[in-house]
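Engineer: Compact mmCIF, C-alpha atoms, saved as entry09.txt, coming up:
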```txt
# COMPACT_ATOMS: atom_id res chain seq x y z
CA MET A 321 -2.59 6.84 13.09
CA LEU A 322 -2.05 3.19 12.38
CA ILE A 323 1.44 1.75 12.41
CA VAL A 324 1.79 -1.11 9.96
CA ALA A 325 1.55 -4.30 11.95
CA CYS A 326 4.59 -6.48 11.48
CA SER A 327 6.92 -8.77 13.28
CA LEU A 328 9.40 -5.97 13.78
CA ALA A 329 7.06 -3.40 15.27
CA PRO A 330 8.13 -2.52 18.78
CA GLY A 331 5.70 -2.67 21.67
CA ALA A 332 6.66 0.73 23.05
CA ALA A 333 4.13 3.46 22.40
CA ALA A 334 5.33 6.62 20.72
CA THR A 335 5.37 9.58 23.06
CA ALA A 336 7.34 12.11 21.00
CA GLY A 337 6.25 13.91 17.82
CA PRO A 338 6.40 12.08 14.49
CA ALA A 339 9.91 13.25 13.63
CA GLU A 340 11.31 12.13 16.99
CA SER A 341 9.41 8.88 17.46
CA LEU A 342 11.58 5.92 16.55
CA SER A 343 8.54 3.69 15.99
CA GLU A 344 6.97 6.13 13.58
CA LYS A 345 10.24 6.69 11.75
CA PHE A 346 10.71 2.94 11.43
CA ALA A 347 7.20 2.60 9.99
CA TYR A 348 8.10 5.37 7.52
CA CYS A 349 11.18 3.39 6.38
CA GLN A 350 8.96 0.33 5.99
CA ASP A 351 6.58 2.24 3.72
CA CYS A 352 9.15 1.91 0.96
CA HIS A 353 11.53 -0.85 2.08
CA GLY A 354 8.73 -3.29 2.83
CA PRO A 355 6.89 -4.23 6.03
CA ASN A 356 9.69 -6.55 7.09
CA GLY A 357 12.51 -4.66 5.40
CA GLN A 358 12.56 -7.27 2.64
CA GLY A 359 12.74 -4.65 -0.13
CA TYR A 360 10.09 -3.66 -2.66
CA ARG A 361 9.67 -3.39 -6.39
CA GLY A 362 8.45 0.17 -6.86
CA PHE A 363 9.08 2.23 -9.96
CA TYR A 364 12.67 1.93 -8.78
CA PRO A 365 13.93 -1.19 -7.04
CA ILE A 366 13.99 -0.39 -3.31
CA PRO A 367 16.66 -2.38 -1.50
CA ARG A 368 16.27 -5.00 1.18
CA LEU A 369 17.50 -3.77 4.56
CA ALA A 370 16.59 -6.86 6.60
CA GLY A 371 19.74 -8.38 8.06
CA GLN A 372 21.87 -5.59 6.61
CA GLN A 373 25.10 -4.64 8.40
CA THR A 374 24.49 -1.73 10.79
CA GLN A 375 27.75 0.02 9.89
CA TYR A 376 26.89 -0.22 6.22
CA ILE A 377 23.46 1.36 6.74
CA GLU A 378 24.90 4.15 8.89
CA ASN A 379 27.70 4.86 6.43
CA GLN A 380 25.28 5.00 3.51
CA LEU A 381 22.98 7.40 5.38
CA ARG A 382 26.02 9.64 5.98
CA ALA A 383 27.02 9.22 2.34
CA PHE A 384 23.61 10.54 1.20
CA LEU A 385 23.96 13.56 3.50
CA GLU A 386 27.54 14.26 2.45
CA ARG A 387 26.59 13.61 -1.19
CA ARG A 388 29.21 10.93 -1.56
CA ARG A 389 26.29 8.83 -2.76
CA LYS A 390 23.81 10.43 -5.12
CA ASN A 391 20.15 9.72 -4.43
CA ALA A 392 17.60 12.54 -4.23
CA ILE A 393 15.02 10.55 -2.30
CA MET A 394 17.42 9.23 0.33
CA LEU A 395 19.07 12.64 0.71
CA ASN A 396 15.74 13.98 1.97
CA VAL A 397 15.16 10.94 4.13
CA ALA A 398 18.61 11.23 5.74
CA HIS A 399 17.95 14.88 6.53
CA GLY A 400 14.94 13.81 8.54
CA LEU A 401 16.92 11.54 10.88
CA HIS A 402 17.85 13.25 14.11
CA GLY A 403 20.07 12.34 17.05
CA ASN A 404 20.99 8.68 17.20
CA MET A 405 18.02 7.62 15.10
CA ALA A 406 20.13 6.31 12.21
CA ALA A 407 21.95 3.89 14.51
CA ALA A 408 18.72 2.76 16.15
CA LEU A 409 17.00 2.18 12.77
CA ALA A 410 20.04 0.33 11.46
CA ALA A 411 19.94 -1.98 14.48
CA ARG A 412 16.26 -2.75 13.90
CA PHE A 413 16.76 -3.58 10.26
CA ASN A 414 19.84 -5.63 11.08
CA ALA A 415 17.75 -7.74 13.47
CA ALA A 416 14.97 -8.34 10.93
CA LYS A 417 14.75 -11.86 9.60
CA VAL A 418 12.73 -12.45 6.46
CA ALA A 419 13.09 -14.62 3.36
CA PRO A 420 14.29 -13.06 0.09
CA ILE A 421 11.45 -11.78 -2.09
CA GLY A 422 12.78 -13.77 -5.07
CA GLY A 423 11.93 -13.13 -8.68
CA ALA A 424 15.41 -13.38 -10.22
CA PRO A 425 16.06 -15.39 -13.41
CA GLN A 426 17.41 -18.59 -11.87
CA THR A 427 19.04 -19.74 -15.10
CA LEU A 428 21.83 -17.22 -14.36
CA ALA A 429 22.48 -18.25 -10.76
CA ALA A 430 25.09 -20.97 -11.48
CA GLN A 431 27.30 -18.57 -13.45
CA GLY A 432 26.75 -16.00 -10.72
CA LYS A 433 27.89 -18.40 -8.01
CA ASP A 434 31.07 -19.09 -9.96
CA ILE A 435 31.84 -15.37 -10.24
CA PHE A 436 30.93 -14.80 -6.62
CA ASP A 437 33.15 -17.60 -5.33
CA HIS A 438 36.07 -17.34 -7.74
CA GLY A 439 35.90 -13.97 -9.47
CA ILE A 440 36.87 -13.63 -13.14
CA PRO A 441 40.68 -14.00 -13.12
CA GLU A 442 41.16 -13.04 -16.79
CA LYS A 443 39.38 -9.71 -16.13
CA ASP A 444 41.09 -9.08 -12.79
CA VAL A 445 37.74 -9.32 -11.04
CA ALA A 446 38.26 -10.53 -7.49
CA ALA A 447 35.96 -13.06 -5.87
CA CYS A 448 33.00 -11.24 -4.31
CA ALA A 449 33.25 -13.68 -1.42
CA ALA A 450 36.64 -12.25 -0.46
CA CYS A 451 35.01 -9.12 0.94
CA HIS A 452 31.31 -9.89 1.21
CA GLY A 453 31.95 -13.28 2.83
CA PRO A 454 31.29 -16.81 1.54
CA ALA A 455 27.57 -16.53 2.38
CA ALA A 456 27.32 -12.87 1.21
CA GLN A 457 26.54 -11.68 4.75
CA GLY A 458 28.87 -8.67 4.56
CA THR A 459 30.82 -7.18 7.46
CA GLY A 460 31.15 -3.67 8.86
CA GLU A 461 30.79 -1.14 6.06
CA ILE A 462 30.75 -3.90 3.44
CA PRO A 463 27.13 -4.76 2.75
CA ARG A 464 25.27 -8.00 3.07
CA LEU A 465 24.16 -9.05 -0.42
CA ALA A 466 22.26 -12.20 0.56
CA GLY A 467 18.60 -11.83 -0.40
CA GLN A 468 19.09 -8.41 -1.98
CA LEU A 469 16.69 -7.53 -4.81
CA TYR A 470 17.94 -8.76 -8.17
CA GLU A 471 16.99 -5.52 -9.96
CA TYR A 472 18.63 -3.41 -7.28
CA VAL A 473 21.98 -5.25 -7.47
CA VAL A 474 22.05 -5.07 -11.27
CA PHE A 475 21.16 -1.37 -11.24
CA LYS A 476 23.86 -0.54 -8.67
CA LEU A 477 26.57 -2.50 -10.49
CA VAL A 478 25.94 -0.97 -13.90
CA ASN A 479 25.48 2.52 -12.45
CA TRP A 480 28.23 2.44 -9.82
CA SER A 481 30.45 5.33 -10.83
CA LYS A 482 27.45 7.61 -11.43
CA GLU A 483 26.13 7.41 -7.88
CA ARG A 484 28.87 6.19 -5.53
CA GLY A 485 32.07 7.92 -4.49
CA GLN A 486 30.91 11.26 -5.86
CA ILE A 487 33.34 13.38 -3.81
CA ALA A 488 36.92 12.71 -4.87
CA SER A 489 38.38 14.34 -1.76
CA GLN A 490 36.36 11.99 0.46
CA PRO A 491 37.15 8.48 -0.78
CA ASP A 492 35.10 5.76 0.91
CA THR A 493 34.55 2.02 0.69
CA SER A 494 32.78 2.50 -2.64
CA LEU A 495 36.25 2.96 -4.15
CA ILE A 496 36.90 -0.77 -3.66
CA MET A 497 33.94 -1.66 -5.86
CA GLU A 498 34.57 0.86 -8.61
CA PRO A 499 36.98 -1.21 -10.75
CA VAL A 500 34.98 -4.39 -10.14
CA ALA A 501 31.73 -2.79 -11.26
CA HIS A 502 33.53 -1.29 -14.25
CA SER A 503 34.94 -4.67 -15.33
CA LEU A 504 31.72 -6.65 -15.06
CA SER A 505 29.62 -6.88 -18.19
CA ARG A 506 25.88 -6.41 -17.81
CA SER A 507 25.25 -10.12 -18.17
CA GLU A 508 27.90 -10.91 -15.56
CA ALA A 509 26.31 -8.38 -13.20
CA GLN A 510 22.93 -10.02 -13.82
CA ALA A 511 24.42 -13.45 -13.05
CA VAL A 512 25.93 -12.33 -9.74
CA ALA A 513 22.73 -10.49 -8.83
CA ALA A 514 20.62 -13.57 -9.55
CA TYR A 515 22.86 -15.68 -7.32
CA VAL A 516 23.06 -13.38 -4.30
CA SER A 517 19.36 -12.50 -4.45
CA SER A 518 18.46 -16.12 -3.72
CA LEU A 519 20.76 -16.47 -0.69
CA ARG A 520 19.21 -16.38 2.76
CA MET B 1321 -7.69 -24.25 -26.98
CA ARG B 1322 -9.04 -22.87 -30.22
CA SER B 1323 -12.50 -22.23 -28.83
CA ARG B 1324 -11.04 -20.45 -25.78
CA LEU B 1325 -9.00 -18.23 -28.05
CA ALA B 1326 -12.07 -17.50 -30.14
CA GLU B 1327 -13.98 -16.67 -26.98
CA ALA B 1328 -11.24 -14.30 -25.84
CA LEU B 1329 -11.25 -12.53 -29.19
CA LEU B 1330 -15.01 -12.25 -29.08
CA ILE B 1331 -14.87 -10.81 -25.59
CA ALA B 1332 -12.19 -8.35 -26.62
CA ALA B 1333 -14.41 -7.16 -29.45
CA ALA B 1334 -17.40 -6.98 -27.13
CA SER B 1335 -15.41 -4.98 -24.57
CA THR B 1336 -14.43 -2.51 -27.23
CA ILE B 1337 -18.04 -2.04 -28.19
CA LEU B 1338 -19.01 -1.82 -24.52
CA PHE B 1339 -16.66 1.07 -24.04
CA ALA B 1340 -17.35 2.68 -27.37
CA GLY B 1341 -20.87 3.18 -26.05
CA LEU B 1342 -22.51 1.53 -29.04
CA ALA B 1343 -25.42 -0.84 -28.87
CA SER B 1344 -23.80 -4.15 -28.06
CA PRO B 1345 -25.66 -7.46 -28.10
CA ALA B 1346 -23.03 -8.97 -25.80
CA GLY B 1347 -23.31 -6.09 -23.34
CA ALA B 1348 -27.06 -5.95 -23.49
CA GLU B 1349 -27.38 -9.64 -22.71
CA ASP B 1350 -25.06 -9.36 -19.74
CA PRO B 1351 -26.92 -7.31 -17.13
CA ALA B 1352 -24.59 -8.55 -14.40
CA ILE B 1353 -21.76 -6.45 -15.76
CA GLY B 1354 -23.97 -3.64 -16.91
CA ASN B 1355 -22.29 -1.00 -18.93
CA CYS B 1356 -18.98 0.30 -17.63
CA THR B 1357 -19.55 3.47 -19.60
CA TRP B 1358 -22.47 4.49 -17.39
CA CYS B 1359 -20.03 5.49 -14.67
CA HIS B 1360 -16.57 5.49 -16.21
CA GLY B 1361 -17.58 7.36 -19.36
CA GLY B 1362 -17.62 6.47 -23.02
CA GLY B 1363 -13.87 6.80 -23.45
CA ALA B 1364 -13.20 5.40 -19.97
CA GLN B 1365 -11.91 8.83 -18.99
CA GLY B 1366 -13.78 8.74 -15.69
CA TYR B 1367 -16.86 10.51 -14.46
CA LEU B 1368 -17.79 11.44 -10.94
CA PRO B 1369 -17.34 9.40 -8.80
CA ALA B 1370 -15.80 6.77 -11.03
CA PRO B 1371 -12.08 6.97 -11.87
CA ARG B 1372 -10.52 7.16 -15.30
CA LEU B 1373 -9.52 3.68 -16.40
CA ALA B 1374 -8.02 4.55 -19.78
CA GLY B 1375 -4.27 4.09 -19.89
CA GLN B 1376 -4.16 2.62 -16.39
CA GLN B 1377 -1.59 -0.10 -15.65
CA ARG B 1378 -3.00 -3.46 -16.73
CA ALA B 1379 -1.74 -5.38 -13.70
CA TYR B 1380 -3.18 -2.72 -11.40
CA LEU B 1381 -6.62 -2.95 -13.05
CA ARG B 1382 -6.59 -6.73 -12.70
CA ALA B 1383 -5.47 -6.57 -9.07
CA GLN B 1384 -8.25 -4.11 -8.22
CA LEU B 1385 -10.95 -6.15 -9.93
CA GLU B 1386 -9.67 -9.09 -7.89
CA ARG B 1387 -9.82 -6.99 -4.72
CA PHE B 1388 -13.41 -5.99 -5.50
CA ARG B 1389 -14.21 -9.68 -5.92
CA MET B 1390 -12.58 -10.56 -2.61
CA HIS B 1391 -14.14 -7.50 -0.93
CA GLY B 1392 -10.72 -6.10 0.02
CA ARG B 1393 -11.94 -2.84 -1.55
CA ASP B 1394 -14.68 -2.06 0.95
CA ALA B 1395 -15.29 1.69 0.70
CA PRO B 1396 -18.97 2.63 0.28
CA ALA B 1397 -18.68 3.42 -3.44
CA SER B 1398 -16.84 0.15 -4.06
CA ILE B 1399 -19.52 -1.88 -2.31
CA GLN B 1400 -22.31 -0.06 -4.07
CA PHE B 1401 -20.95 -0.11 -7.60
CA MET B 1402 -18.06 -2.50 -8.03
CA TRP B 1403 -18.63 -5.64 -5.95
CA ALA B 1404 -21.36 -7.05 -8.15
CA ALA B 1405 -19.67 -5.91 -11.34
CA ALA B 1406 -16.41 -7.63 -10.45
CA GLU B 1407 -18.05 -10.74 -9.05
CA ASN B 1408 -19.78 -11.47 -12.33
CA LEU B 1409 -16.77 -10.82 -14.49
CA SER B 1410 -15.25 -14.01 -15.89
CA ASP B 1411 -11.46 -14.35 -15.91
CA GLY B 1412 -11.38 -14.22 -19.69
CA ARG B 1413 -13.53 -11.11 -19.85
CA MET B 1414 -11.46 -9.47 -17.13
CA ARG B 1415 -8.27 -10.05 -19.14
CA ALA B 1416 -9.80 -8.71 -22.33
CA LEU B 1417 -11.29 -5.70 -20.58
CA THR B 1418 -8.08 -4.73 -18.80
CA ASP B 1419 -6.03 -5.20 -21.97
CA TYR B 1420 -8.44 -2.90 -23.76
CA LEU B 1421 -8.49 -0.24 -21.05
CA ALA B 1422 -4.73 -0.18 -20.57
CA ALA B 1423 -4.24 0.57 -24.26
CA LEU B 1424 -6.60 3.57 -24.37
CA ASP B 1425 -5.23 7.08 -24.63
CA THR B 1426 -5.65 9.35 -21.61
CA LYS B 1427 -6.79 12.86 -20.88
CA PRO B 1428 -5.94 14.71 -17.67
CA ALA B 1429 -8.91 15.63 -15.49
CA MET B 1430 -7.48 19.13 -14.86
CA ASP B 1431 -9.85 19.72 -11.93
CA GLY B 1432 -7.20 20.52 -9.32
CA ASN B 1433 -6.37 23.90 -7.84
CA PRO B 1434 -3.51 25.32 -9.96
CA ALA B 1435 -2.29 27.38 -6.99
CA LEU B 1436 -1.49 24.17 -5.10
CA GLU B 1437 0.42 22.40 -7.88
CA GLY B 1438 3.85 23.51 -6.68
CA ARG B 1439 3.31 22.27 -3.17
CA GLY B 1440 1.82 19.05 -4.46
CA ARG B 1441 4.76 18.48 -6.78
CA ASP B 1442 7.17 18.99 -3.89
CA ILE B 1443 5.40 16.39 -1.74
CA TYR B 1444 5.20 13.97 -4.67
CA GLN B 1445 8.84 14.27 -5.72
CA ASN B 1446 10.53 14.83 -2.34
CA GLY B 1447 8.23 13.68 0.42
CA VAL B 1448 8.30 15.48 3.76
CA ALA B 1449 11.00 13.75 5.77
CA ASP B 1450 10.32 15.55 9.04
CA GLU B 1451 6.70 14.44 8.90
CA ASN B 1452 7.52 10.86 7.87
CA ILE B 1453 5.86 11.34 4.49
CA VAL B 1454 7.55 9.27 1.83
CA ALA B 1455 8.23 10.53 -1.71
CA CYS B 1456 5.51 9.16 -4.01
CA VAL B 1457 8.02 9.13 -6.87
CA ALA B 1458 9.84 6.08 -5.50
CA CYS B 1459 6.98 3.76 -6.40
CA HIS B 1460 4.75 5.72 -8.81
CA GLY B 1461 7.68 7.03 -10.89
CA PRO B 1462 8.92 10.47 -11.95
CA HIS B 1463 5.89 11.06 -14.20
CA ALA B 1464 3.36 9.28 -11.95
CA THR B 1465 2.76 6.63 -14.58
CA GLY B 1466 3.06 3.73 -12.13
CA VAL B 1467 4.41 0.32 -13.03
CA GLY B 1468 2.86 -3.16 -12.88
CA ALA B 1469 0.40 -3.35 -10.00
CA ILE B 1470 1.35 0.18 -8.90
CA PRO B 1471 -1.20 2.55 -10.43
CA ARG B 1472 -0.77 5.41 -12.80
CA LEU B 1473 -1.85 8.65 -11.07
CA ASP B 1474 -1.19 11.45 -13.56
CA GLY B 1475 -4.39 13.10 -14.73
CA LEU B 1476 -6.75 11.21 -12.41
CA SER B 1477 -9.45 13.48 -11.07
CA HIS B 1478 -8.82 15.57 -7.98
CA SER B 1479 -12.01 14.32 -6.36
CA TYR B 1480 -11.11 10.68 -6.94
CA LEU B 1481 -7.55 11.07 -5.60
CA VAL B 1482 -8.81 12.90 -2.50
CA ARG B 1483 -11.40 10.22 -1.89
CA ARG B 1484 -8.97 7.31 -2.22
CA LEU B 1485 -6.50 8.89 0.21
CA THR B 1486 -9.18 9.83 2.75
CA ASP B 1487 -10.84 6.40 2.42
CA TRP B 1488 -7.59 4.89 3.67
CA GLN B 1489 -7.49 7.38 6.51
CA ASN B 1490 -11.03 6.35 7.42
CA GLY B 1491 -10.11 2.69 7.57
CA TYR B 1492 -11.39 1.46 4.23
CA ASN B 1493 -9.61 -0.54 1.53
CA ARG B 1494 -6.83 -1.73 3.81
CA ALA B 1495 -6.63 -5.40 2.82
CA GLY B 1496 -3.97 -5.93 0.19
CA ALA B 1497 -3.11 -2.22 -0.03
CA THR B 1498 0.14 -2.10 1.96
CA PRO B 1499 1.85 0.38 2.22
CA MET B 1500 -0.76 2.97 1.16
CA PRO B 1501 -3.01 2.98 4.25
CA HIS B 1502 -0.06 3.92 6.44
CA ILE B 1503 1.31 6.46 3.96
CA ALA B 1504 -2.08 8.13 3.54
CA GLY B 1505 -2.43 8.26 7.32
CA ASN B 1506 0.48 10.69 7.55
CA LEU B 1507 -1.03 13.21 5.11
CA SER B 1508 -2.98 16.28 6.27
CA PRO B 1509 -6.12 17.41 4.40
CA ASP B 1510 -4.10 20.31 2.93
CA GLN B 1511 -1.37 17.98 1.74
CA ILE B 1512 -3.95 15.67 0.15
CA ASP B 1513 -5.52 18.66 -1.61
CA ALA B 1514 -2.12 19.80 -2.92
CA LEU B 1515 -1.00 16.34 -4.06
CA SER B 1516 -4.32 15.67 -5.79
CA SER B 1517 -4.22 19.08 -7.49
CA TYR B 1518 -0.71 18.44 -8.82
CA LEU B 1519 -1.59 14.98 -10.10
CA SER B 1520 -4.94 15.85 -11.67
CA ASN B 1521 -3.36 18.72 -13.59
CA THR B 1522 -0.48 16.59 -14.87
CA ARG B 1523 -0.26 14.49 -17.96
CA TYR B 1524 2.72 12.48 -19.05
CA ALA B 1525 2.89 12.53 -22.83
CA GLY B 1526 5.23 9.57 -23.20
CA ALA B 1527 4.27 5.93 -22.99
CA ALA B 1528 3.88 4.37 -19.57
CA ARG B 1529 6.09 1.35 -19.06
```
Produce structure tokens that represent the structure in this file.
Structural biologist:
Amino acid sequence: MLIVACSLAPGAAATAGPAESLSEKFAYCQDCHGPNGQGYRGFYPIPRLAGQQTQYIENQLRAFLERRRKNAIMLNVAHGLHGNMAAALAARFNAAKVAPIGGAPQTLAAQGKDIFDHGIPEKDVAACAACHGPAAQGTGEIPRLAGQLYEYVVFKLVNWSKERGQIASQPDTSLIMEPVAHSLSRSEAQAVAAYVSSLR
Amino acid sequence: MRSRLAEALLIAAASTILFAGLASPAGAEDPAIGNCTWCHGGGAQGYLPAPRLAGQQRAYLRAQLERFRMHGRDAPASIQFMWAAAENLSDGRMRALTDYLAALDTKPAMDGNPALEGRGRDIYQNGVADENIVACVACHGPHATGVGAIPRLDGLSHSYLVRRLTDWQNGYNRAGATPMPHIAGNLSPDQIDALSSYLSNTRYAGAAR
């Protein structure tokens, strides 16, 4: 079996079966998330994981399992991660360095930067930078947005309450975003997405 | 500009005739391209071993013709039939041809094993996480209609689907095909049979996007 050659591929040979081999599981993640974790435009936008916060990745994988976050594909994927594999995969993606894949409408980026840096005071939308950081690098369970796929960010923002925070008795960090996502118009979401998708 | 437009229109008309299987002066005078219908069928619905082209994603068709030109598609059937055909295809004719093909209506091949459809559907929609097999649906879509350079798969023939997946396993067609060579490498012969049966017996009635 050939493991996709890439700058992230570890040198260690796999000795365990496919489900237990970290290298093979990592290659499986890369099948959809891109050979360098840069994200991929499939039928659905598949998010960038390169440089993503490890705690964010681990929390999302738990959220799929616990059905706090609704996603049929990732629910199955999360079920296939055993032992400390989630943490190990998160660390590999966090260490990946690759340029954004681009493709966002750049005419929107200036408005997006303004929203990102200053929020929309008249709509009670806080500055994205307050939590995601001035360079959109994220921290802990708050995700990095820099370089994220434009289509993915738009889709998440307009669809937030339908897929995040799905178990009322188990509130998580997605609760912070709920009112923000609700307040943003589609065009404002597109502007913010265009801006963050271009950041390195 | 005007003459290029006229040429494109002429080519589009010629392509239509080429695929309608009628006597075509343009086709007859162009032995380099030959007649696509000889292998792909009069309605471009495919004929062993050539795949159905009707209704396929336009960007996918263009990308594959480009890969035949660059010899990135290097399986035996590709070398034998498609290298010369693609090499002699002008850019204008390629655009007209792919526009024409993408707009054609499709028929499912229906040559899969119906008993395997359920298993094939499960692999397609859910993947097999414990075997590191990704869900096809993520890229090819819930109805296998593909998008952009990602091909439509619904209704393609069982034999063609099996061959493409096993060609990757055997080391062919790797250039420019990421991530499919790796994905195909994780599939067993039984899984390939099931997936191909499901897809060949499926037809999405709505419009592909």
Engineer: Identify the residues within 12 Å of coordinate (-6.9, -2.4, -12.7) (same frame as the file), considering only C-alpha atoms, and give the answer as a compact mmCIF listing (two decimals) with C-alpha atoms, keeping the file's coordinate frame.
Structural biologist:
```
# COMPACT_ATOMS: atom_id res chain seq x y z
CA PRO B 1371 -12.08 6.97 -11.87
CA ARG B 1372 -10.52 7.16 -15.30
CA LEU B 1373 -9.52 3.68 -16.40
CA ALA B 1374 -8.02 4.55 -19.78
CA GLY B 1375 -4.27 4.09 -19.89
CA GLN B 1376 -4.16 2.62 -16.39
CA GLN B 1377 -1.59 -0.10 -15.65
CA ARG B 1378 -3.00 -3.46 -16.73
CA ALA B 1379 -1.74 -5.38 -13.70
CA TYR B 1380 -3.18 -2.72 -11.40
CA LEU B 1381 -6.62 -2.95 -13.05
CA ARG B 1382 -6.59 -6.73 -12.70
CA ALA B 1383 -5.47 -6.57 -9.07
CA GLN B 1384 -8.25 -4.11 -8.22
CA LEU B 1385 -10.95 -6.15 -9.93
CA GLU B 1386 -9.67 -9.09 -7.89
CA ARG B 1387 -9.82 -6.99 -4.72
CA PHE B 1388 -13.41 -5.99 -5.50
CA ALA B 1406 -16.41 -7.63 -10.45
CA MET B 1414 -11.46 -9.47 -17.13
CA ARG B 1415 -8.27 -10.05 -19.14
CA ALA B 1416 -9.80 -8.71 -22.33
CA LEU B 1417 -11.29 -5.70 -20.58
CA THR B 1418 -8.08 -4.73 -18.80
CA ASP B 1419 -6.03 -5.20 -21.97
CA TYR B 1420 -8.44 -2.90 -23.76
CA LEU B 1421 -8.49 -0.24 -21.05
CA ALA B 1422 -4.73 -0.18 -20.57
CA GLY B 1466 3.06 3.73 -12.13
CA VAL B 1467 4.41 0.32 -13.03
CA GLY B 1468 2.86 -3.16 -12.88
CA ALA B 1469 0.40 -3.35 -10.00
CA ILE B 1470 1.35 0.18 -8.90
CA PRO B 1471 -1.20 2.55 -10.43
CA ARG B 1472 -0.77 5.41 -12.80
```
Engineer: So, with all atoms listed in the file as the atoms that count, which of A:Ala415, A:Ile440, A:Leu465, A:Leu401 lies closest to Ser517 (chain A)?
Structural biologist: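 Ranked by minimum distance to Ser517 (chain A), first place goes to A:Leu465.
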Engineer: Extract, using only C-alpha atoms, all DNA, RNA and protein residues at most 10 Å from Tyr472 (chain A), discarding same-chain residues fewer than 4 positions from it, and format them as a list in words.
Structural biologist: Gly359, Tyr360, Arg361, Tyr364, Pro365, Ile366, Pro367, Arg368, Gln468, Lys476, Leu477, Ala513 and Ser517 of chain A
Engineer: What are the nearest atom pairs, with distances in Å to one decimal, for all residues of chain A that come at most 10 Å from chain B, using all atoms listed in the file, set out by chain and rising residue number as CSV?
Structural biologist:
```
residue,atom,partner,partner_atom,distance
A:Met321,CA,B:Gly1505,CA,5.9
A:Leu322,CA,B:His1502,CA,6.3
A:Ile323,CA,B:His1502,CA,6.5
A:Val324,CA,B:His1502,CA,6.4
A:Gly337,CA,B:Glu1451,CA,8.9
A:Pro338,CA,B:Glu1451,CA,6.1
A:Ala339,CA,B:Asp1450,CA,5.2
A:Glu340,CA,B:Asp1450,CA,8.7
A:Ser341,CA,B:Asn1452,CA,10.0
A:Glu344,CA,B:Asn1452,CA,7.4
A:Lys345,CA,B:Asn1452,CA,6.3
A:Phe346,CA,B:Asn1452,CA,9.3
A:Ala347,CA,B:His1502,CA,8.2
A:Tyr348,CA,B:Asn1452,CA,5.5
A:Cys349,CA,B:Val1454,CA,8.3
A:Gln350,CA,B:Pro1499,CA,8.0
A:Asp351,CA,B:Pro1499,CA,5.3
A:Cys352,CA,B:Pro1499,CA,7.6
A:His353,CA,B:Pro1499,CA,9.8
A:Gly354,CA,B:Pro1499,CA,7.8
A:Pro355,CA,B:Pro1499,CA,7.8
A:Tyr360,CA,B:Cys1459,CA,8.9
A:Arg361,CA,B:Cys1459,CA,7.6
A:Gly362,CA,B:Cys1459,CA,3.9
A:Phe363,CA,B:Cys1459,CA,4.4
A:Tyr364,CA,B:Ala1458,CA,6.0
A:Pro365,CA,B:Ala1458,CA,8.5
A:Ile366,CA,B:Ala1458,CA,8.0
A:Ala392,CA,B:Asn1446,CA,7.7
A:Ile393,CA,B:Asn1446,CA,6.2
A:Met394,CA,B:Asn1446,CA,9.3
A:Leu395,CA,B:Asn1446,CA,9.3
A:Asn396,CA,B:Ala1449,CA,6.1
A:Val397,CA,B:Ala1449,CA,5.3
A:Ala398,CA,B:Ala1449,CA,8.0
A:His399,CA,B:Ala1449,CA,7.1
A:Gly400,CA,B:Ala1449,CA,4.8
A:Leu401,CA,B:Asp1450,CA,7.9
A:His402,CA,B:Asp1450,CA,9.4
```
Engineer: Go ahead and save the residues from that selection, with C-alpha atoms, as a short mmCIF file (atom, residue, chain, number, x, y, z; two decimals), in the frame of the given file.
Structural biologist:
```cif
data_model
loop_
_atom_site.label_atom_id
_atom_site.label_comp_id
_atom_site.auth_asym_id
_atom_site.auth_seq_id
_atom_site.Cartn_x
_atom_site.Cartn_y
_atom_site.Cartn_z
CA MET A 321 -2.59 6.84 13.09
CA LEU A 322 -2.05 3.19 12.38
CA ILE A 323 1.44 1.75 12.41
CA VAL A 324 1.79 -1.11 9.96
CA GLY A 337 6.25 13.91 17.82
CA PRO A 338 6.40 12.08 14.49
CA ALA A 339 9.91 13.25 13.63
CA GLU A 340 11.31 12.13 16.99
CA SER A 341 9.41 8.88 17.46
CA GLU A 344 6.97 6.13 13.58
CA LYS A 345 10.24 6.69 11.75
CA PHE A 346 10.71 2.94 11.43
CA ALA A 347 7.20 2.60 9.99
CA TYR A 348 8.10 5.37 7.52
CA CYS A 349 11.18 3.39 6.38
CA GLN A 350 8.96 0.33 5.99
CA ASP A 351 6.58 2.24 3.72
CA CYS A 352 9.15 1.91 0.96
CA HIS A 353 11.53 -0.85 2.08
CA GLY A 354 8.73 -3.29 2.83
CA PRO A 355 6.89 -4.23 6.03
CA TYR A 360 10.09 -3.66 -2.66
CA ARG A 361 9.67 -3.39 -6.39
CA GLY A 362 8.45 0.17 -6.86
CA PHE A 363 9.08 2.23 -9.96
CA TYR A 364 12.67 1.93 -8.78
CA PRO A 365 13.93 -1.19 -7.04
CA ILE A 366 13.99 -0.39 -3.31
CA ALA A 392 17.60 12.54 -4.23
CA ILE A 393 15.02 10.55 -2.30
CA MET A 394 17.42 9.23 0.33
CA LEU A 395 19.07 12.64 0.71
CA ASN A 396 15.74 13.98 1.97
CA VAL A 397 15.16 10.94 4.13
CA ALA A 398 18.61 11.23 5.74
CA HIS A 399 17.95 14.88 6.53
CA GLY A 400 14.94 13.81 8.54
CA LEU A 401 16.92 11.54 10.88
CA HIS A 402 17.85 13.25 14.11
#
```
Engineer: Neighbouring residues of Ala466 (chain A) were defined as those with any atom within 8 Å, considering all atoms listed in the file; residues of the same chain fewer than 3 positions away were excluded. Please report them as a list in words.
Structural biologist: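 Once the nearby chain positions are removed, what remains is Ala455, Ala456, Gln457, Val516, Ser517, Ser518, Leu519 and Arg520 of chain A.
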